[in-house]
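The structure appears below as structure tokens.
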Amino acid sequence: MKRSAADVWEELRNQVDFLAEAGGGFVLRRPEDGLEAARRKALEGMDAQVRDCKLCALHTLRTKAVPGEGDRSAELMFVGEAPGRDEDLQGRPFVGRAGQLLRKIVAAMTFREDEVFITNVVKCRPPDNREPFREEIEACAPYLERQIELIRPRVIVTLGKTAADRFVPGRGGMGERRGRFGDYRGIPVMPTFHPSYLIRNEGDRALKRMVWEDMKQVMALLGRK
Ligand code: URA
């Protein structure tokens with residue numbers, strides 16, 4: 001009977017584990033184990049850099065910078081605008097009211113929170129939750145670019161205008177820009193409304209329906225029903 005690559009690998013690993021236990025003093029690693037470890041290390045290094053970053057004036061006002069969280073090899077990445085008050089206090093993205101709604105959307109899409117990666121265009125809170133300035137966005141941009149390079153998501157969902165502008169710049173409001181995949185360096189990007197906007201327009205069921213339509217397209221692309 002023909003053995004699968006996985007069977008051969010398992011057998012080899014058992015043999016080598018046995019030899020290692022017997023005093024061989026070596027371990028067998030797949031080439032991608034090393035790559036994975038390097039990727040993880042690079043992302044952790046970047047988190048530390050973000051927490052220590054002084055590239056723009058926002059660092060003088062922050063309690064904690066918010067690099068992002070989730071699966072470091074996620075196929076689905078969400079990008080918001082910038083941390084708010086709760087996020088600044090906890091150092092975690094989307095943990096306030098908008099975050100609770102985002103996390104419900106993620107669950108409705110049949111993803112666990114720790115299966116996706118959630119981050120923002122700007123990693124420190126702008127005062128009074130104002131929109132980030134262009135200089136702040138530009139100063140922070142290399143962090144987000146590097147996160148995307150390292151995580152290599154299959155799809156990016158942008159939440160609100162600041163994030164949409166970063167990836168798929170266009171004219172008009174989100175109502176016109178949502179619902180169609182754009183492209184960022186070969187990665188499909190779905191712009192949709194920011195959860196805070198849904199909260200501000202709580203009674204507007206049509207808005208919620210539109211976001212869900214957008215997410216259904218993302219699920220279809222990722223092979224989730
Ligand atoms: N809004 C955002 O854009 N990001 C957060 O992390 C929280 C609220």
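FYI, nothing fancy with the structure tokens labels: chains A, B, ... in order, residues from 1 per chain, ligands from 1 as they appear.
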Test item: residues lying within 8 Å of ligand 1 with only C-alpha atoms and all ligand atoms, as an MDAnalysis selection string:
chainID A and resid 66 79:84 86:87 92:99 119:120 159:160 194:196
Report task. From the DSSP assignment of the backbone, select every residue of region 16-176 of chain A that is strand (DSSP E or B), and format the answer as a ChimeraX atom specification. Result -> /A:69-70,76-80,117-120,155-159
Leaving out Glu75 (chain A) and any residue of its chain fewer than 5 positions from it, which residues lie within 7 Å of it when counting only C-alpha atoms, given as a PyMOL selection string?
-> chain A and resi 116+153-155
- [ ] Would you please give, as a PyMOL selection string, all residues of region 112-225 of chain A that DSSP assigns to helix (DSSP H, G or I) based on the backbone?
- [x] chain A and resi 113-115+127-129+134-151+161-167+174-177+195-200+205-221
So how many Å separate CA of Arg166 (chain A) and CA of Leu198 (chain A), to one decimal?
->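 Interatomic distance, CA of Arg166 (chain A) to CA of Leu198 (chain A): 20.9 Å.
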* Compile the contact shell of Pro132 (chain A) as a VMD selection string: residues with an atom at most 10 Å away, counting only C-alpha atoms, same-chain residues fewer than 4 positions apart removed. => chain A and resid 58 81 to 82 121 to 122 124 to 127 136 to 138 162
Closest of A:Gly179, A:Gly186, A:Gly70, A:Gly203 to Val218 (chain A), counting only C-alpha atoms, is A:Gly179
A straight line from CA of Glu36 (chain A) to CA of Ile187 (chain A) spans 20.2 Å
Give me, please, the distance in Å between CA of Val168 (chain A) and CA of Gly182 (chain A), quoted to one decimal.
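That distance, rounded to one decimal, is 5.9 Å.
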Residues of region 71-132 of chain A within 12 Å of region 39-45 of chain A: nearest atom pair and distance (Å, one decimal) for each, counting only C-alpha atoms, sorted by chain and number, as a Markdown table?
| residue | atom | partner | partner_atom | distance |
| --- | --- | --- | --- | --- |
| A:Asp71 | CA | A:Arg40 | CA | 10.1 |
| A:Arg72 | CA | A:Arg40 | CA | 6.9 |
| A:Ser73 | CA | A:Arg40 | CA | 8.8 |
